[in-house]
$ cat model-v2.txt   # compact mmCIF, C-alpha atoms and all ligand atoms
# COMPACT_ATOMS: atom_id res chain seq x y z
CA MET A 195 -23.70 -44.42 -28.81
CA ARG A 196 -23.42 -46.60 -25.77
CA ARG A 197 -23.85 -49.56 -28.04
CA LEU A 198 -21.00 -48.52 -30.30
CA ILE A 199 -18.66 -48.06 -27.39
CA PHE A 200 -19.65 -51.46 -26.14
CA ILE A 201 -18.93 -53.06 -29.49
CA ALA A 202 -15.58 -51.29 -29.66
CA VAL A 203 -14.69 -52.58 -26.21
CA LEU A 204 -15.77 -56.05 -27.18
CA PHE A 205 -13.61 -55.88 -30.26
CA VAL A 206 -10.57 -54.79 -28.32
CA VAL A 207 -11.17 -57.47 -25.72
CA ILE A 208 -11.45 -60.26 -28.23
CA ALA A 209 -8.50 -58.97 -30.20
CA GLU A 210 -6.46 -58.92 -27.03
CA ILE A 211 -7.52 -62.38 -26.07
CA ALA A 212 -6.46 -63.45 -29.50
CA ASN A 213 -3.06 -62.10 -28.63
CA THR A 214 -3.25 -64.42 -25.65
CA GLN A 215 -3.27 -61.69 -23.09
CA LEU A 216 -5.61 -62.32 -20.25
CA VAL A 217 -7.87 -59.40 -19.52
CA GLU A 218 -11.10 -58.85 -17.67
CA VAL A 219 -14.08 -58.68 -19.92
CA PRO A 220 -15.75 -55.38 -19.03
CA VAL A 221 -19.16 -56.26 -20.28
CA ALA A 222 -22.29 -55.65 -18.25
CA LYS A 223 -25.19 -58.05 -18.58
CA GLU A 224 -27.71 -55.36 -19.58
CA GLU A 225 -25.49 -54.33 -22.46
CA GLY A 226 -25.63 -57.87 -23.70
CA ASP A 227 -29.41 -57.72 -23.55
CA GLU A 228 -29.34 -54.57 -25.59
CA LEU A 229 -27.37 -56.34 -28.24
CA GLY A 230 -29.89 -59.15 -28.14
CA ASP A 231 -32.62 -56.61 -28.79
CA MET A 232 -30.82 -55.58 -31.94
CA GLY A 233 -31.90 -58.84 -33.46
CA PHE A 234 -29.03 -61.17 -32.79
CA ASN A 235 -29.89 -64.69 -31.91
CA PHE A 236 -27.28 -65.96 -29.59
CA LYS A 237 -27.04 -69.70 -29.71
CA GLU A 238 -27.83 -71.48 -26.51
CA GLU A 239 -25.53 -74.36 -27.31
CA GLU A 240 -22.81 -75.36 -24.87
CA ILE A 241 -19.40 -74.28 -25.96
CA ASP A 242 -17.10 -77.27 -25.92
CA GLY A 243 -13.56 -76.23 -26.35
CA GLY A 244 -13.87 -74.30 -29.59
CA PHE A 245 -16.33 -71.85 -31.00
CA SER A 246 -18.58 -73.31 -33.62
CA SER A 247 -19.70 -69.89 -34.70
CA LEU A 248 -19.10 -66.23 -34.25
CA ASP A 249 -22.35 -66.06 -32.33
CA GLY A 250 -21.03 -68.62 -29.91
CA MET A 251 -17.88 -66.63 -29.37
CA LEU A 252 -19.86 -63.47 -28.79
CA GLN A 253 -22.13 -65.19 -26.35
CA TRP A 254 -19.16 -66.39 -24.48
CA ALA A 255 -17.52 -62.96 -24.50
CA ILE A 256 -20.66 -61.36 -23.16
CA GLY A 257 -21.76 -63.95 -20.68
CA HIS A 258 -18.50 -65.18 -19.23
CA SER A 259 -16.68 -62.52 -17.36
CA ASP A 260 -15.49 -65.09 -14.85
CA PRO A 261 -11.67 -64.90 -14.88
CA GLY A 262 -11.33 -68.65 -14.50
CA VAL A 263 -13.46 -69.38 -17.52
CA LEU A 264 -11.72 -66.62 -19.35
CA LYS A 265 -8.35 -68.20 -18.77
CA GLU A 266 -9.60 -71.52 -20.02
CA ARG A 267 -11.01 -69.91 -23.18
CA SER A 268 -7.88 -67.94 -23.82
CA GLU A 269 -6.09 -71.24 -24.12
CA VAL A 270 -8.40 -72.03 -26.97
CA PHE A 271 -7.06 -68.98 -28.70
CA GLN A 272 -3.52 -70.02 -27.85
CA ARG A 273 -4.08 -73.23 -29.74
CA MET A 274 -5.20 -71.35 -32.84
CA SER A 275 -2.84 -70.84 -35.71
CA PRO A 276 -2.00 -67.25 -36.71
CA GLU A 277 -4.16 -67.73 -39.83
CA GLU A 278 -7.13 -68.82 -37.75
CA LEU A 279 -6.71 -65.88 -35.43
CA LYS A 280 -6.52 -63.50 -38.33
CA GLU A 281 -9.69 -64.96 -39.75
CA ARG A 282 -11.44 -64.50 -36.41
CA GLN A 283 -10.35 -60.91 -36.25
CA THR A 284 -11.67 -60.25 -39.74
CA GLU A 285 -14.98 -61.82 -38.82
CA ILE A 286 -15.24 -59.61 -35.78
CA LYS A 287 -14.29 -56.54 -37.75
CA GLU A 288 -17.05 -57.30 -40.24
CA LEU A 289 -19.52 -57.79 -37.43
CA VAL A 290 -18.57 -54.46 -35.93
CA GLU A 291 -19.10 -52.80 -39.30
CA LYS A 292 -22.50 -54.42 -39.58
CA LEU A 293 -23.53 -53.34 -36.13
CA LYS A 294 -22.62 -49.77 -36.83
CA MET A 295 -25.12 -49.78 -39.64
CA PRO A 296 -28.44 -51.04 -38.35
CA SER A 297 -30.65 -52.72 -40.92
CA ASP A 298 -33.61 -50.93 -42.43
CA ALA A 299 -35.92 -53.15 -40.40
CA GLN A 300 -34.19 -52.04 -37.21
CA LEU A 301 -34.42 -48.39 -38.23
CA MET A 302 -38.10 -48.79 -39.00
CA GLN A 303 -38.68 -50.49 -35.66
CA ILE A 304 -37.05 -47.57 -33.88
CA ALA A 305 -39.10 -45.04 -35.85
CA VAL A 306 -42.34 -46.93 -35.20
CA ASN A 307 -41.56 -47.19 -31.47
CA ASP A 308 -40.84 -43.47 -31.32
CA LEU A 309 -44.01 -42.68 -33.21
CA ASP A 310 -46.00 -44.86 -30.85
CA ASN A 311 -44.48 -43.30 -27.74
CA SER A 312 -46.78 -40.49 -26.69
CA SER A 313 -44.38 -39.25 -24.02
CA LEU A 314 -41.93 -38.15 -26.70
CA PRO A 315 -42.20 -34.57 -27.99
CA LEU A 316 -43.82 -33.83 -31.35
CA GLU A 317 -40.49 -33.17 -33.07
CA HIS A 318 -39.53 -36.78 -32.44
CA HIS A 319 -42.72 -37.97 -34.06
CA GLN A 320 -42.13 -35.66 -36.99
CA ARG A 321 -38.61 -36.99 -37.41
CA ALA A 322 -39.75 -40.59 -37.13
CA LEU A 323 -42.26 -39.92 -39.91
CA GLU A 324 -39.58 -38.34 -42.08
CA GLU A 325 -37.38 -41.38 -41.60
CA LEU A 326 -40.22 -43.73 -42.47
CA LEU A 327 -40.97 -41.69 -45.58
CA VAL A 328 -37.49 -42.42 -46.89
CA LEU A 329 -37.44 -46.05 -45.75
CA VAL A 330 -40.76 -47.09 -47.30
CA GLU A 331 -39.59 -46.06 -50.73
CA HIS A 332 -37.97 -49.46 -50.84
CA ILE A 333 -40.72 -51.92 -51.73
CA ASP A 334 -39.50 -54.62 -49.30
CA ASN A 335 -39.33 -52.15 -46.45
CA ALA A 336 -42.89 -51.06 -47.16
CA ILE A 337 -43.99 -54.68 -46.81
CA ASP A 338 -41.89 -55.20 -43.65
CA LEU A 339 -43.46 -52.15 -42.05
CA HIS A 340 -46.71 -54.05 -41.72
CA LYS A 341 -44.98 -56.86 -39.80
CA LEU A 342 -43.64 -54.24 -37.39
CA GLY A 343 -47.15 -52.97 -36.75
CA GLY A 344 -46.20 -49.72 -38.46
CA PHE A 345 -49.38 -49.20 -40.42
CA SER A 346 -51.65 -49.34 -37.37
CA VAL A 347 -49.49 -46.73 -35.68
CA LEU A 348 -49.53 -44.55 -38.81
CA LEU A 349 -53.29 -44.89 -39.08
CA ARG A 350 -53.74 -43.62 -35.54
CA LYS A 351 -51.68 -40.57 -36.50
CA LEU A 352 -54.27 -39.66 -39.13
CA ASP A 353 -56.40 -38.56 -36.18
CA HIS A 354 -53.65 -36.55 -34.53
CA PHE A 355 -54.54 -33.05 -33.32
CA GLU A 356 -51.52 -31.58 -35.12
CA PRO A 357 -52.12 -31.12 -38.90
CA GLN A 358 -48.41 -31.60 -39.65
CA ILE A 359 -48.42 -35.04 -38.09
CA ARG A 360 -51.60 -36.05 -39.92
CA THR A 361 -50.13 -34.77 -43.18
CA ALA A 362 -46.86 -36.65 -42.77
CA ALA A 363 -48.65 -39.86 -41.76
CA ALA A 364 -50.83 -39.67 -44.88
CA TRP A 365 -47.73 -39.09 -46.97
CA VAL A 366 -45.97 -42.17 -45.58
CA LEU A 367 -49.08 -44.30 -46.09
CA GLY A 368 -49.33 -43.09 -49.69
CA LYS A 369 -45.65 -43.66 -50.40
CA ALA A 370 -45.78 -47.16 -48.96
CA SER A 371 -48.91 -48.06 -50.95
CA GLN A 372 -47.69 -46.72 -54.27
CA ASN A 373 -47.48 -49.54 -56.83
CA ASN A 374 -47.51 -52.04 -53.98
CA PRO A 375 -50.57 -54.34 -54.02
CA VAL A 376 -49.53 -56.08 -50.79
CA VAL A 377 -49.38 -52.83 -48.86
CA GLN A 378 -52.50 -51.47 -50.56
CA LYS A 379 -54.42 -54.49 -49.29
CA GLN A 380 -53.06 -54.20 -45.76
CA VAL A 381 -53.70 -50.48 -45.46
CA LEU A 382 -57.18 -50.77 -46.99
CA GLU A 383 -58.08 -53.56 -44.58
CA LEU A 384 -57.06 -51.35 -41.67
CA GLY A 385 -59.69 -48.86 -42.83
CA ALA A 386 -57.43 -46.03 -43.97
CA LEU A 387 -59.46 -44.99 -47.00
CA PRO A 388 -62.46 -43.30 -45.28
CA MET A 389 -60.08 -41.50 -42.91
CA LEU A 390 -57.98 -40.17 -45.76
CA MET A 391 -61.08 -39.12 -47.68
CA LYS A 392 -62.28 -37.20 -44.66
CA MET A 393 -58.91 -35.42 -44.49
CA MET A 394 -59.67 -33.98 -47.93
CA LYS A 395 -61.95 -31.49 -46.20
CA SER A 396 -59.03 -30.03 -44.27
CA HIS A 397 -58.41 -26.29 -44.42
CA SER A 398 -54.72 -27.06 -44.80
CA THR A 399 -53.83 -27.38 -48.48
CA GLU A 400 -50.84 -29.57 -47.66
CA GLU A 401 -52.99 -31.96 -45.68
CA ALA A 402 -55.59 -32.21 -48.43
CA LEU A 403 -52.86 -32.74 -51.04
CA LYS A 404 -51.19 -35.54 -49.13
CA ALA A 405 -54.54 -37.13 -48.33
CA LEU A 406 -55.46 -37.11 -52.03
CA PHE A 407 -52.04 -38.48 -52.88
CA ALA A 408 -52.58 -41.34 -50.42
CA VAL A 409 -56.13 -42.04 -51.64
CA SER A 410 -54.87 -42.25 -55.23
CA ALA A 411 -51.98 -44.49 -54.24
CA LEU A 412 -54.31 -46.82 -52.34
CA ILE A 413 -56.84 -47.34 -55.11
CA ARG A 414 -54.65 -47.17 -58.19
CA ASN A 415 -54.91 -50.47 -60.09
CA ASN A 416 -56.73 -51.89 -57.10
CA LEU A 417 -60.31 -52.96 -57.77
CA ILE A 418 -61.16 -53.58 -54.11
CA GLY A 419 -59.86 -50.15 -53.21
CA GLN A 420 -61.81 -48.58 -56.05
CA ASP A 421 -65.01 -50.30 -54.93
CA MET A 422 -64.50 -48.90 -51.46
CA PHE A 423 -63.81 -45.47 -52.91
CA TYR A 424 -67.07 -45.52 -54.89
CA GLN A 425 -69.01 -46.74 -51.87
CA GLU A 426 -67.54 -43.97 -49.74
CA ALA A 427 -68.96 -41.46 -52.24
CA GLY A 428 -65.69 -40.76 -54.01
CA HIS A 429 -67.66 -38.96 -56.74
CA THR A 430 -68.88 -36.37 -54.21
CA MET A 431 -65.39 -35.90 -52.81
CA LEU A 432 -63.89 -35.22 -56.25
CA GLN A 433 -66.83 -33.15 -57.44
CA GLU A 434 -66.57 -30.91 -54.39
CA VAL A 435 -62.87 -30.38 -55.00
CA LEU A 436 -63.38 -29.56 -58.69
CA SER A 437 -66.30 -27.21 -58.03
CA ASN A 438 -64.45 -25.24 -55.39
CA SER A 439 -62.48 -22.58 -57.26
CA LYS A 440 -60.88 -21.37 -54.03
CA LEU A 441 -58.91 -24.58 -53.64
CA ASP A 442 -55.29 -24.91 -54.70
CA ILE A 443 -55.00 -25.76 -58.40
CA ARG A 444 -52.84 -28.77 -57.55
CA LEU A 445 -55.86 -30.36 -55.90
CA HIS A 446 -57.85 -29.82 -59.08
CA LYS A 447 -55.12 -31.34 -61.20
CA LYS A 448 -54.67 -34.36 -58.96
CA SER A 449 -58.43 -34.93 -58.93
CA LEU A 450 -58.68 -34.82 -62.71
CA PHE A 451 -55.70 -37.12 -63.00
CA LEU A 452 -57.32 -39.60 -60.62
CA ILE A 453 -60.59 -39.54 -62.59
CA ALA A 454 -58.73 -40.14 -65.86
CA ASP A 455 -56.83 -42.98 -64.23
CA LEU A 456 -59.94 -44.60 -62.78
CA ALA A 457 -61.71 -44.42 -66.15
CA ASP A 458 -58.67 -45.91 -67.82
CA GLY A 459 -58.71 -48.79 -65.36
CA GLN A 460 -62.42 -49.25 -65.93
CA LEU A 461 -61.78 -49.54 -69.68
CA GLU A 462 -59.69 -52.61 -68.99
CA ASN A 463 -62.46 -54.15 -66.91
CA GLU A 464 -65.37 -53.39 -69.19
CA ASN A 465 -66.85 -56.84 -68.72
CA THR A 466 -67.69 -55.99 -65.11
CA ALA A 467 -70.84 -54.05 -64.36
CA ALA A 468 -70.93 -50.34 -65.25
CA VAL A 469 -69.78 -48.13 -62.40
CA PRO A 470 -72.29 -45.37 -61.51
CA PHE A 471 -69.33 -43.16 -60.64
CA PHE A 472 -68.74 -42.42 -64.35
CA SER A 473 -72.32 -41.43 -65.03
CA ASN A 474 -72.68 -39.13 -62.05
CA ARG A 475 -73.96 -35.90 -63.61
CA LEU A 476 -72.52 -33.52 -61.07
CA LEU A 477 -69.09 -35.07 -61.30
CA LEU A 478 -69.15 -35.06 -65.12
CA LYS A 479 -70.25 -31.42 -65.12
CA ALA A 480 -67.49 -30.48 -62.69
CA VAL A 481 -64.94 -32.08 -65.01
CA VAL A 482 -66.31 -30.31 -68.08
CA ASP A 483 -66.51 -26.99 -66.23
CA SER A 484 -62.84 -27.25 -65.30
CA MET A 485 -62.12 -26.84 -69.02
CA ALA A 486 -62.68 -23.11 -68.51
CA SER A 487 -59.28 -22.92 -66.79
CA SER A 488 -56.40 -21.10 -68.44
CA ASP A 489 -53.81 -23.52 -67.05
CA LEU A 490 -52.66 -25.74 -69.91
CA ASP A 491 -51.57 -28.58 -67.65
CA LEU A 492 -54.98 -28.65 -66.03
CA LEU A 493 -56.68 -28.51 -69.44
CA GLU A 494 -54.68 -31.51 -70.56
CA LYS A 495 -55.72 -33.50 -67.51
CA ALA A 496 -59.37 -32.52 -67.99
CA LEU A 497 -59.23 -33.63 -71.63
CA TYR A 498 -57.76 -36.99 -70.70
CA ALA A 499 -60.43 -37.51 -68.05
CA ILE A 500 -63.23 -36.74 -70.51
CA LYS A 501 -61.64 -38.80 -73.26
CA ASN A 502 -61.29 -41.87 -71.05
CA ILE A 503 -64.84 -41.58 -69.74
CA LEU A 504 -66.21 -41.15 -73.29
CA LEU A 505 -64.43 -44.34 -74.34
CA LEU A 506 -66.37 -46.35 -71.77
CA ARG A 507 -69.23 -48.36 -73.22
CA SER A 508 -71.49 -46.94 -70.56
CA ALA A 509 -70.53 -43.33 -71.34
CA GLU A 510 -73.48 -40.98 -70.89
CA VAL A 511 -72.97 -38.94 -74.06
CA GLN A 512 -76.41 -37.41 -73.79
CA VAL A 513 -75.60 -36.14 -70.29
CA PHE A 514 -72.33 -34.71 -71.61
CA LYS A 515 -74.28 -32.90 -74.31
CA ASP A 516 -77.38 -31.66 -72.50
CA PHE A 517 -76.35 -31.34 -68.88
CA CYS A 518 -72.61 -30.61 -69.13
CA LYS A 519 -72.74 -28.65 -72.40
CA LEU A 520 -69.60 -30.36 -73.64
CA ASN A 521 -70.02 -28.91 -77.18
CA GLU A 522 -69.81 -25.36 -75.88
CA ALA A 523 -66.93 -26.16 -73.57
CA LEU A 524 -64.95 -27.74 -76.42
CA GLU A 525 -65.57 -24.78 -78.70
CA ARG A 526 -64.54 -22.32 -75.98
CA MET A 527 -61.39 -24.29 -75.44
CA ARG A 528 -60.60 -24.29 -79.16
CA GLN A 529 -60.73 -20.49 -79.19
CA GLN A 530 -58.66 -20.22 -76.04
CA LEU A 531 -56.00 -22.58 -77.38
CA GLN A 532 -55.75 -20.52 -80.55
CA GLN A 533 -54.91 -17.49 -78.46
CA PHE A 534 -52.21 -19.48 -76.67
CA MET A 535 -50.72 -20.52 -80.00
CA VAL A 536 -49.84 -16.89 -80.74
CA GLU A 537 -47.50 -16.88 -77.76
CA ASP A 538 -44.07 -18.27 -78.62
CA ASP A 539 -43.44 -20.16 -75.41
CA LEU A 540 -46.88 -21.81 -75.37
CA ARG A 541 -47.34 -22.54 -79.06
CA GLU A 542 -46.07 -26.10 -79.03
CA TYR A 543 -47.99 -27.17 -75.94
CA ALA A 544 -51.18 -25.45 -77.13
CA THR A 545 -50.88 -27.19 -80.52
CA ASP A 546 -50.54 -30.58 -78.83
CA LEU A 547 -53.57 -29.84 -76.69
CA GLU A 548 -55.58 -28.80 -79.73
CA GLY A 549 -54.83 -32.23 -81.19
CA LEU A 550 -56.09 -33.89 -78.02
CA ARG A 551 -59.11 -31.59 -77.91
CA ARG A 552 -60.04 -32.56 -81.47
CA GLU A 553 -59.69 -36.23 -80.55
CA VAL A 554 -62.10 -35.74 -77.66
CA GLU A 555 -64.51 -33.84 -79.90
CA LEU A 556 -64.42 -36.56 -82.52
CA THR A 557 -65.03 -39.34 -79.99
CA PHE A 558 -67.87 -37.33 -78.52
CA LEU A 559 -69.54 -36.67 -81.87
CA GLN A 560 -69.19 -40.28 -83.01
CA LYS A 561 -70.70 -41.59 -79.80
CA LEU A 562 -73.46 -39.02 -79.98
CA ASP A 563 -74.19 -40.04 -83.55
CA LYS A 564 -74.48 -43.68 -82.53
CA VAL A 565 -76.86 -42.82 -79.72
CA THR A 566 -79.08 -40.69 -81.95
CA GLN A 567 -79.12 -43.36 -84.64
CA ALA A 568 -80.10 -46.00 -82.14
CA ALA A 569 -82.90 -43.78 -80.91
CA ARG A 570 -84.39 -43.43 -84.40
C1 LIG A 601 -40.98 -43.45 -24.36
O1 LIG A 601 -39.99 -42.47 -24.34
C2 LIG A 601 -39.48 -42.18 -23.05
C3 LIG A 601 -38.56 -41.00 -23.18
O2 LIG A 601 -37.51 -41.26 -24.06
C4 LIG A 601 -38.79 -43.44 -22.53
O3 LIG A 601 -38.28 -43.17 -21.24
C5 LIG A 601 -39.77 -44.57 -22.48
O4 LIG A 601 -39.12 -45.75 -22.11
C6 LIG A 601 -40.41 -44.76 -23.83
N1 LIG A 601 -41.49 -45.74 -23.73
C7 LIG A 601 -41.53 -46.84 -24.47
C8 LIG A 601 -42.71 -47.72 -24.25
O5 LIG A 601 -40.66 -47.11 -25.26

$ encode --input "model-v2.txt" --output "structure tokens" --more "lines below"
Ligand SMILES: *[C@@H]1O[C@H](CO)[C@@H](O)[C@H](O)[C@H]1NC(C)=O
Amino acid sequence: MRRLIFIAVLFVVIAEIANTQLVEVPVAKEEGDELGDMGFNFKEEEIDGGFSSLDGMLQWAIGHSDPGVLKERSEVFQRMSPEELKERQTEIKELVEKLKMPSDAQLMQIAVNDLDNSSLPLEHHQRALEELLVLVEHIDNAIDLHKLGGFSVLLRKLDHFEPQIRTAAAWVLGKASQNNPVVQKQVLELGALPMLMKMMKSHSTEEALKALFAVSALIRNNLIGQDMFYQEAGHTMLQEVLSNSKLDIRLHKKSLFLIADLADGQLENENTAAVPFFSNRLLLKAVVDSMASSDLDLLEKALYAIKNILLLRSAEVQVFKDFCKLNEALERMRQQLQQFMVEDDLREYATDLEGLRREVELTFLQKLDKVTQAAR
């Protein structure tokens, strides 16, 4: 607020000078410093009669409150034509407009400073995180946040004693990393992944959800991130979520979606070595067992996960058959879907899913056939 008043005063002063009235410039030095902090680079050049730039004029207005100098400068304005004066006034007006609306980088800097200031109350930190959440949606802002040291500050908040703060920090990290390889790399290098994976054990559903969101955002289409995820026992993390029926169903859905996505990515990189993640028996069984759900959306995600894993060259069809009992699970699902088809509002969705289920079954049987033939 103080800044706005200052700018308004400055505007009036310069406008008045332009009208060749001599006035005192009521500008305190510290105010000028504050403006400098806002990112303006005042030119150090000597002013010789005229103002080579708006910056130069501002510097003069701020730094020269000496009445003698002021008088001298006002003569400069007296020599200006009305057109020139008008142009100056427009320039200043534009500058004032610009100053009223700080840039995104400035807003982020303020939010990061607030977040990093432990003497501020929690509500301030919460608000700073909310602001960052909106700002990082812009891909350039997300990249700039790193330059401001924002990610290190956010990472420290993952350890905060207040679950709400941890949750919001994970959310911002996830948002910033989404579809952004530059940010993914930066956040991974800071070591965020193991911290976020640990947060999955939280008793707070919201915290676990946002942590899983951030983990997915960090490793999506990112081979280095995926390697880290596998090394940090990502299979155990996901298997534990899927096997825990007490957990919120959204966590189950997000986990299945992530598995399907990882397998899909692996399909495109088949020439690299097989990833043990996709042959982990307990994980595969947890995915197949989730097919007992009566939530169609979850069933769809489970089917996609199984389908994508089965398409991998390294797919352990025998494990799917003997250990996971995929045949039985598919048959049970067929019967369940038929019951859903009787209901008007579910018929269409259930029919689509039956198509997908049959596709999975076919892929499974074909692969199984190949394996048995090879064994003969
Ligand atoms: C932290 O916030 C307090 C209270 O607003 C403020 O006085 C202090 O200058 C801030 N510290 C930093 C390092 O910005």

$ atom_distance --input "model-v2.txt" --atom1 "atom CA of A:Asp455" --atom2 "atom CA of A:Leu326"
27.4 Å

$ residues_around --input "model-v2.txt" --residues "stretch 492-502 of chain A" --least-positions-apart "2" --cutoff "7 Å" --atoms "only C-alpha atoms" --output "list in words"
Lys447, Leu450, Phe451, Ile453, Ala454, Ala457, Asp458, Val481, Ser484, Met485, Ser487, Asp489, Leu490, Leu504, Leu505, Leu506, Leu547, Arg551 and Val554 of chain A

$ closest_residue --input "model-v2.txt" --among "A:Ala370, A:Leu301, A:Met422, A:Val347" --to "A:Phe407" --atoms "all atoms listed in the file"
A:Ala370

$ residues_around --input "model-v2.txt" --residues "A:Asp442" --least-positions-apart "6" --cutoff "10 Å" --atoms "only C-alpha atoms" --output "list in words"
Thr399, Glu400, Ala402, Leu403 and Val435 of chain A

$ atom_distance --input "model-v2.txt" --atom1 "atom CA of A:Val376" --atom2 "atom CA of A:Asp338"
10.5 Å

$ atom_distance --input "model-v2.txt" --atom1 "atom CA of A:Leu314" --atom2 "atom C2 of ligand LIG 601 (chain A)"
6.0 Å

$ residues_near_ligand --input "model-v2.txt" --ligand "ligand LIG 601 (chain A)" --cutoff "10 Å" --atoms "all atoms listed in the file" --output "ChimeraX atom specification"
/A:304,307-315,318

$ closest_residue --input "model-v2.txt" --among "A:Ala568, A:Val366, A:Ala299, A:Leu559" --to "A:Glu331" --atoms "all atoms listed in the file"
A:Val366

$ closest_residue --input "model-v2.txt" --among "A:Glu525, A:Leu441, A:Ala408, A:Pro470" --to "A:Ala427" --atoms "only C-alpha atoms"
A:Pro470

$ closest_residue --input "model-v2.txt" --among "A:Gln300, A:Gln358, A:Ser473, A:Gln420" --to "A:Leu316" --atoms "only C-alpha atoms"
A:Gln358

$ residues_around --input "model-v2.txt" --residues "A:Leu477" --least-positions-apart "5" --cutoff "12 Å" --atoms "all atoms listed in the file" --output "list of chain:residue names"
A:Ala427, A:Gly428, A:His429, A:Thr430, A:Met431, A:Leu432, A:Gln433, A:Glu434, A:Val435, A:Leu436, A:Ser437, A:Ser449, A:Leu450, A:Ile453, A:Pro470, A:Phe471, A:Phe472, A:Val482, A:Asp483, A:Ser484, A:Ala499, A:Ile500, A:Ile503, A:Val513, A:Phe514, A:Phe517, A:Cys518

$ closest_residue --input "model-v2.txt" --among "A:Glu542, A:Leu476, A:Gln532, A:Thr566" --to "A:Val511" --atoms "only C-alpha atoms"
A:Thr566

$ closest_residue --input "model-v2.txt" --among "A:Met535, A:Ala544, A:Val381, A:Leu556" --to "A:Ala336" --atoms "only C-alpha atoms"
A:Val381

$ axis_aligned_box --input "model-v2.txt" --around "stretch 372-382 of chain A" --padding-each-side "6 Å" --output "lines of an AutoDock Vina configuration file"
center_x = -52.3
center_y = -51.4
center_z = -51.1
size_x = 21.7
size_y = 21.4
size_z = 23.4

$ residues_around --input "model-v2.txt" --residues "A:Asn416" --least-positions-apart "3" --cutoff "12 Å" --atoms "only C-alpha atoms" --output "NGL selection string"
:A and (371-379 or 382 or 409-413 or 419-423 or 455-456 or 459-460 or 463)

$ build_atoms --input "model-v2.txt" --residues "stretch 413-424 of chain A" --atoms "N, CA and C atoms" --output "PDB file, keeping the file's coordinate frame"
ATOM      1  N   ILE A 413     -55.833 -46.731 -54.233  1.00  0.00           N
ATOM      2  CA  ILE A 413     -56.840 -47.340 -55.110  1.00  0.00           C
ATOM      3  C   ILE A 413     -56.356 -47.532 -56.541  1.00  0.00           C
ATOM      4  N   ARG A 414     -55.183 -47.039 -56.827  1.00  0.00           N
ATOM      5  CA  ARG A 414     -54.650 -47.170 -58.190  1.00  0.00           C
ATOM      6  C   ARG A 414     -54.438 -48.640 -58.527  1.00  0.00           C
ATOM      7  N   ASN A 415     -55.005 -49.069 -59.655  1.00  0.00           N
ATOM      8  CA  ASN A 415     -54.910 -50.470 -60.090  1.00  0.00           C
ATOM      9  C   ASN A 415     -55.377 -51.447 -59.017  1.00  0.00           C
ATOM     10  N   ASN A 416     -56.266 -51.016 -58.184  1.00  0.00           N
ATOM     11  CA  ASN A 416     -56.730 -51.890 -57.100  1.00  0.00           C
ATOM     12  C   ASN A 416     -58.262 -51.875 -57.081  1.00  0.00           C
ATOM     13  N   LEU A 417     -58.849 -52.944 -57.601  1.00  0.00           N
ATOM     14  CA  LEU A 417     -60.310 -52.960 -57.770  1.00  0.00           C
ATOM     15  C   LEU A 417     -61.046 -52.918 -56.443  1.00  0.00           C
ATOM     16  N   ILE A 418     -60.497 -53.594 -55.429  1.00  0.00           N
ATOM     17  CA  ILE A 418     -61.160 -53.580 -54.110  1.00  0.00           C
ATOM     18  C   ILE A 418     -61.137 -52.166 -53.555  1.00  0.00           C
ATOM     19  N   GLY A 419     -59.989 -51.526 -53.681  1.00  0.00           N
ATOM     20  CA  GLY A 419     -59.860 -50.150 -53.210  1.00  0.00           C
ATOM     21  C   GLY A 419     -60.806 -49.214 -53.950  1.00  0.00           C
ATOM     22  N   GLN A 420     -60.922 -49.433 -55.259  1.00  0.00           N
ATOM     23  CA  GLN A 420     -61.810 -48.580 -56.050  1.00  0.00           C
ATOM     24  C   GLN A 420     -63.264 -48.773 -55.648  1.00  0.00           C
ATOM     25  N   ASP A 421     -63.648 -50.026 -55.406  1.00  0.00           N
ATOM     26  CA  ASP A 421     -65.010 -50.300 -54.930  1.00  0.00           C
ATOM     27  C   ASP A 421     -65.301 -49.536 -53.650  1.00  0.00           C
ATOM     28  N   MET A 422     -64.342 -49.606 -52.735  1.00  0.00           N
ATOM     29  CA  MET A 422     -64.500 -48.900 -51.460  1.00  0.00           C
ATOM     30  C   MET A 422     -64.630 -47.400 -51.699  1.00  0.00           C
ATOM     31  N   PHE A 423     -63.812 -46.906 -52.598  1.00  0.00           N
ATOM     32  CA  PHE A 423     -63.810 -45.470 -52.910  1.00  0.00           C
ATOM     33  C   PHE A 423     -65.185 -45.047 -53.445  1.00  0.00           C
ATOM     34  N   TYR A 424     -65.757 -45.857 -54.338  1.00  0.00           N
ATOM     35  CA  TYR A 424     -67.070 -45.520 -54.890  1.00  0.00           C
ATOM     36  C   TYR A 424     -68.139 -45.590 -53.803  1.00  0.00           C
TER      37      TYR A 424
END
